[in-house]
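K.L.:
Have a look at the structure that comes next, please.
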2 protein chains.
Amino acid sequence: MDIQKTILNQVQEAKAAALKLALVSAKDKDAALKAMAKALWIHRAVILLANRKDVLAGKKAGLSSALIDRLMLNDKRVEAMVDGILDIAKLKDPVGELLQVYKRPNGLRIEKVRTPIGVVGIIYESRPNVTADCAALCLKSGNAAILKGGKEAIYSNKAIYRVLKLALAKTKVPVQALQLVEFTDRAAVTELLKMDAFVDLIVPRGGESLIRFVAENSLIPVVKHYKGVCHIYVSHKADLKKAEEICLNAKVQRPGTCNAMEKMLVDVKIAKKFLPLMIGRLREAGVEVRGDEATRRIVPDVKKATAQDWHEEYLDLILTVKVVRDVYEAVDHINAYGSRHSDAIVTKDKKEADAFLKGVDSACVYVNASTRFTDGYEFGLGAEVGISTDKLHVRGPMGLEGLTSYKYKIYGHGQVRS
Amino acid sequence: MDIQKTILNQVQEAKAAALKLALVSAKDKDAALKAMAKALWIHRAVILLANRKDVLAGKKAGLSSALIDRLMLNDKRVEAMVDGILDIAKLKDPVGELLQVYKRPNGLRIEKVRTPIGVVGIIYESRPNVTADCAALCLKSGNAAILKGGKEAIYSNKAIYRVLKLALAKTKVPVQALQLVEFTDRAAVTELLKMDAFVDLIVPRGGESLIRFVAENSLIPVVKHYKGVCHIYVSHKADLKKAEEICLNAKVQRPGTCNAMEKMLVDVKIAKKFLPLMIGRLREAGVEVRGDEATRRIVPDVKKATAQDWHEEYLDLILTVKVVRDVYEAVDHINAYGSRHSDAIVTKDKKEADAFLKGVDSACVYVNASTRFTDGYEFGLGAEVGISTDKLHVRGPMGLEGLTSYKYKIYGHGQVRS
């Protein structure tokens, strides 16, 4: 089959369906989501059978046990998918929200109203639950979805997709609003990324190399984040007990996440007091600590940090520590080496906190809290499509609203321009 | 001089300056804008001299008289530039606006606050006043500006740039926040568009070919509109007197603009009555009318429309007319052939208006008014950076707010994630 022709056909179908879906009521969209959830549960045997094929192929191909675990489905995980869709159904429909009204001197009434974006392409890697999750998020926000999963999960994704389409057939949501790209080679991604006449947004979800590939090859706007190199700065005006708890939590509670602390900056005025204690606790929790010269003068057995360490996202129990002069050096360091994701200051001083909040050019800037809170659910957005470290359209956690645009509706009574 | 090295140096300077500029107060930014305006007026002789060089070179190169006119500056046009900057100084500073507050059950207070984007690149064509205008818009919104003008205006742009930098030197706005790319070949644009590590947004302003080149070659997000193929649909439920005035205004008041009507759709139920009158008035105003078969059966001397006509933006006194069955056919036609810019319906029926407003997938959708109102000033946005037919970040007229992003400031008292 011709890759380009098949995908073009899919995105054209999706675009036509998106125009219809934009007019479907919240009630009918929610009914469709519930039908999707129900169908997944009823047909779980088919899905689990397909998933077994992926798992076997993955083992044969020598995938790591961590990857196999991400790939694997069971009754409990299907139930989690089902619950995820039902949770999305419960959220408020963002479409139609009146965002602003301008009344003009000439009598024109201009309404800025939230709309779906249109056709959203999501490109992701191994976990098959993303297929159901993204389908639900897109349809809830009135968007047609083009899903392109990883080749490791292709049988699972196809099975989930067929079940969801079957469910949609009996609802007011057009079946064509959901499309799975079934080709497994990267050429399929490249073709999709050229179809800017039909696809309005691409969201890549996965490792940095996938995201870079998408960003560099896309004619379609991309919302993305490459990595999270999150910092915590502990000021000499910090409550040091709180600082300890915050840093420990941000590093060890779930080190593999993008909002975990990767670098700790410590005010020179408290470094001698704070560092031995803090590093002791981190090491108790299994953290390997690296540091600059000043850190190593205070805690000599800390491993020497390399130039690369300041940029690196470990996603692991590793931390690099730097002693800094003051909040301004901390801000400059973060802006130079950070990833614009999430950074925190621990301080009791309001002025210092303010300098940090204003000066650090990141999506989420914290005072006296763990960076681990950067998350759509924790922010109260109800759902998370992803996290953006870009500054356009959406920055930080991307909820359902991140999948919307707006239009202006202008009401006149014969106005012409003079 | 090495193009790549020079531009890289400029964008790096701009990025560092942007971090400082983000902290400059509204008062200090406005003082800088006033200094820029003043300097332009004081040094206008230098600017006009440089402009004469561009005009002479343009004439030698055989530029059309329309292009020479766009290029030419005189005292009055410098005064308009000065007034433009002073108007921008008077606008409210968008930076720092509190957009939303989320109070979380765990006691976290999350503030969503408007920020500058960072470094904005603007790529434009002949008119040298764009240099001053874009510099002012970017600085007002706290962004460093990388300006790349057309080669026809290079002497004028350089002179304006030097005067503006001179003015900034005595203000709190860092001089490096303003950068002009002085290379005149397209290779300079290509290099700039790769520097996504330092530039956050590109706004191309000019003809469709420039904009396509930018969109296809940019690693940096682009806000753009290719063209405006604006439609007006006249329903059988329209006040036909109003329909006449609206269509005439939208076509002839300034046919060279992107919000002028290019296609007129007429309800079959009133076509026989409306078309002869309307086409008569359009022709009186010098408009060449093209039409589909149904139109030509009613007004036989109308020129036959080609397949290309339905897509084309004439920017001239030309109009193509189609007879349609009802509002739904009108909506489908607009979504298939339009440019997602501005489209209008003339009708007295509220339900029909609503079907049109919801169904047409364009940035601005009008009821009973001329499409010519799509404009930042007419919308009350205070200024216009450009118009977007994209659906991400900004759609429709782009005011100062379109040059901003946001960040989350999260206030805690020791919260950690469990």
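We name chains A, B, ... following the order of the structure tokens; residues begin at 1 in each chain, and ligands are numbered from 1 as shown.
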Tell me as a ChimeraX atom specification which residues belonging to chain A come within 8 Å of chain B, counting only C-alpha atoms.

P.N.:
/A:19,23,102,104,110,117,200-201,215-216,219,221,242-243,245-246,249-250,253,357-359,361-370,372-373,378-380,390-396,405-418

K.L.:
Identify, on the basis of only C-alpha atoms, every residue whose closest approach to Leu86 in chain B does not exceed 7 Å; exclude the query and any residue fewer than 3 positions from it along the same chain; express the result as a short mmCIF file (atom, residue, chain, number, x, y, z; two decimals) with N, CA and C atoms, in the first residue's frame.

P.N.:
data_model
loop_
_atom_site.label_atom_id
_atom_site.label_comp_id
_atom_site.auth_asym_id
_atom_site.auth_seq_id
_atom_site.Cartn_x
_atom_site.Cartn_y
_atom_site.Cartn_z
N LEU B 33 10.32 54.23 24.42
CA LEU B 33 9.58 54.42 23.17
C LEU B 33 9.52 55.90 22.81
N LYS B 34 9.28 56.74 23.83
CA LYS B 34 9.21 58.18 23.55
C LYS B 34 10.57 58.70 23.07
N ALA B 37 10.87 57.78 19.45
CA ALA B 37 10.05 58.64 18.60
C ALA B 37 10.73 59.99 18.40
N VAL B 82 6.56 58.37 13.83
CA VAL B 82 6.71 58.92 15.18
C VAL B 82 5.39 58.77 15.95
N ASP B 83 4.29 59.17 15.31
CA ASP B 83 2.98 59.07 15.97
C ASP B 83 2.63 57.63 16.29
N ALA B 89 3.23 53.58 22.80
CA ALA B 89 3.65 53.91 24.18
C ALA B 89 2.44 54.11 25.08
N LYS B 90 1.34 54.60 24.50
CA LYS B 90 0.14 54.89 25.31
C LYS B 90 -0.63 53.63 25.69
#

K.L.:
As a PyMOL selection string, please: the residues near Asp349 in chain A (cut-off 8 Å, only C-alpha atoms, same-chain neighbours under 3 positions excluded).

P.N.:
chain A and resi 237-238+352-353

K.L.:
Using N, CA and C atoms, can you write the selected residues to a file as a PDB file, in the first residue's frame?

P.N.:
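As a result, selection.pdb now contains:
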ATOM      1  N   LYS A 237      18.167  32.375  53.265  1.00  0.00           N
ATOM      2  CA  LYS A 237      16.969  32.789  53.992  1.00  0.00           C
ATOM      3  C   LYS A 237      15.908  31.686  54.001  1.00  0.00           C
ATOM      4  N   ALA A 238      16.306  30.468  53.652  1.00  0.00           N
ATOM      5  CA  ALA A 238      15.349  29.354  53.620  1.00  0.00           C
ATOM      6  C   ALA A 238      15.117  28.790  55.007  1.00  0.00           C
ATOM      7  N   GLU A 352      13.243  38.245  47.668  1.00  0.00           N
ATOM      8  CA  GLU A 352      14.104  37.293  46.981  1.00  0.00           C
ATOM      9  C   GLU A 352      13.261  36.341  46.137  1.00  0.00           C
ATOM     10  N   ALA A 353      12.145  35.894  46.716  1.00  0.00           N
ATOM     11  CA  ALA A 353      11.235  35.003  45.987  1.00  0.00           C
ATOM     12  C   ALA A 353      10.760  35.690  44.712  1.00  0.00           C
TER      13      ALA A 353
END

K.L.:
Which residues, written as a list in words, have at least one atom at most 6 Å from Val289 in chain B, with only C-alpha atoms counted and residues fewer than 3 positions away on the same chain left out?

P.N.:
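With the cut-off at 6 Å, the set is Val302, Ile318, Leu319 and Thr320 of chain B.
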
K.L.:
Write out as an MDAnalysis selection string the residues lying within 10 Å of Tyr314 in chain A, counting only C-alpha atoms and excluding same-chain residues fewer than 4 positions away.

P.N.:
chainID A and resid 227:229 255:258 260:263 309 318:320

K.L.:
Could you please take those selected residues and save C-alpha atoms as a JSON list (two decimals), in the first residue's frame?

P.N.:
[["chain", "number", "residue", "atom", "x", "y", "z"],
["A", 227, "LYS", "CA", 13.43, 17.61, 28.52],
["A", 228, "GLY", "CA", 13.12, 18.78, 32.09],
["A", 229, "VAL", "CA", 16.35, 19.94, 33.70],
["A", 255, "PRO", "CA", 13.23, 10.35, 39.62],
["A", 256, "GLY", "CA", 12.23, 9.20, 36.12],
["A", 257, "THR", "CA", 9.79, 12.08, 35.55],
["A", 258, "CYS", "CA", 10.48, 15.33, 33.70],
["A", 260, "ALA", "CA", 12.09, 15.78, 39.09],
["A", 261, "MET", "CA", 15.00, 17.91, 40.37],
["A", 262, "GLU", "CA", 18.19, 17.35, 38.39],
["A", 263, "LYS", "CA", 20.34, 20.19, 39.83],
["A", 309, "ASP", "CA", 26.42, 17.51, 33.89],
["A", 318, "ILE", "CA", 21.72, 11.30, 40.22],
["A", 319, "LEU", "CA", 22.00, 14.94, 41.27],
["A", 320, "THR", "CA", 24.51, 17.69, 40.52]]

K.L.:
Tell me which protein, DNA and RNA residues are within 9 Å of range 121-130 of chain A, counting only C-alpha atoms, leaving out same-chain ones fewer than 5 positions away, and put them as an MDAnalysis selection string.

P.N.:
chainID A and resid 51 67:68 70:73 77:78 80:81 135 144:154 156:157 160 189 192:193 199:207 210:211 214

K.L.:
Measure the distance from CA of Ala383 in chain A to CA of Gly399 in chain A in Å and round it to one decimal.

P.N.:
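Straight-line distance from CA of Ala383 in chain A to CA of Gly399 in chain A works out to 5.3 Å.
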
K.L.:
What is the CA of Glu284 in chain A-CA of Met264 in chain A distance in Å, reported with one decimal?

P.N.:
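CA of Glu284 in chain A sits 16.8 Å away from CA of Met264 in chain A.
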
K.L.:
Please return as a PyMOL selection string: the residues of range 179-219 of chain A that backbone DSSP assigns to strand (DSSP E or B).

P.N.:
chain A and resi 179-180+201-205

K.L.:
Write out as a ChimeraX atom specification the residues lying within 10 Å of Lys269 in chain A, counting only C-alpha atoms and excluding same-chain residues fewer than 4 positions away.

P.N.:
/A:235-237,273-274,323-326

K.L.:
Print the selection's residues with N, CA and C atoms to a file, as a compact mmCIF listing (two decimals), in the first residue's frame.

P.N.:
# COMPACT_ATOMS: atom_id res chain seq x y z
N SER A 235 18.15 29.19 49.37
CA SER A 235 18.70 30.48 49.80
C SER A 235 19.14 30.41 51.26
N HIS A 236 20.00 31.36 51.66
CA HIS A 236 20.37 31.40 53.09
C HIS A 236 19.19 31.89 53.93
N LYS A 237 18.17 32.38 53.27
CA LYS A 237 16.97 32.79 53.99
C LYS A 237 15.91 31.69 54.00
N LYS A 273 26.68 24.53 56.27
CA LYS A 273 25.73 23.95 57.22
C LYS A 273 24.78 22.96 56.52
N PHE A 274 24.30 23.38 55.34
CA PHE A 274 23.22 22.64 54.68
C PHE A 274 23.72 21.41 53.91
N VAL A 323 27.36 25.51 44.30
CA VAL A 323 27.26 26.58 45.29
C VAL A 323 27.24 27.91 44.55
N VAL A 324 26.27 28.76 44.86
CA VAL A 324 26.17 30.05 44.16
C VAL A 324 26.20 31.20 45.17
N ARG A 325 26.52 32.38 44.64
CA ARG A 325 26.71 33.57 45.46
C ARG A 325 25.40 34.08 46.05
N ASP A 326 24.38 34.12 45.21
CA ASP A 326 23.09 34.70 45.64
C ASP A 326 22.00 34.31 44.63

K.L.:
When DSSP works through the backbone of this structure, what residues of range 195-378 of chain A end up as alpha helix (DSSP H), shown as a PyMOL selection string?

P.N.:
chain A and resi 208-217+240-252+271-284+293-298+327-337+350-359

K.L.:
What is the distance, in Å and to one decimal place, between CA of Asp185 in chain B and CA of Ala45 in chain B?

P.N.:
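Between CA of Asp185 in chain B and CA of Ala45 in chain B the gap is 27.5 Å.
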
K.L.:
Using only C-alpha atoms, pick whichever of A:Ala187, A:Val120, A:Met278, A:Ile85 has the shortest atom-to-atom distance to Lys38 in chain A.

P.N.:
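Nearest to Lys38 in chain A: A:Ile85.
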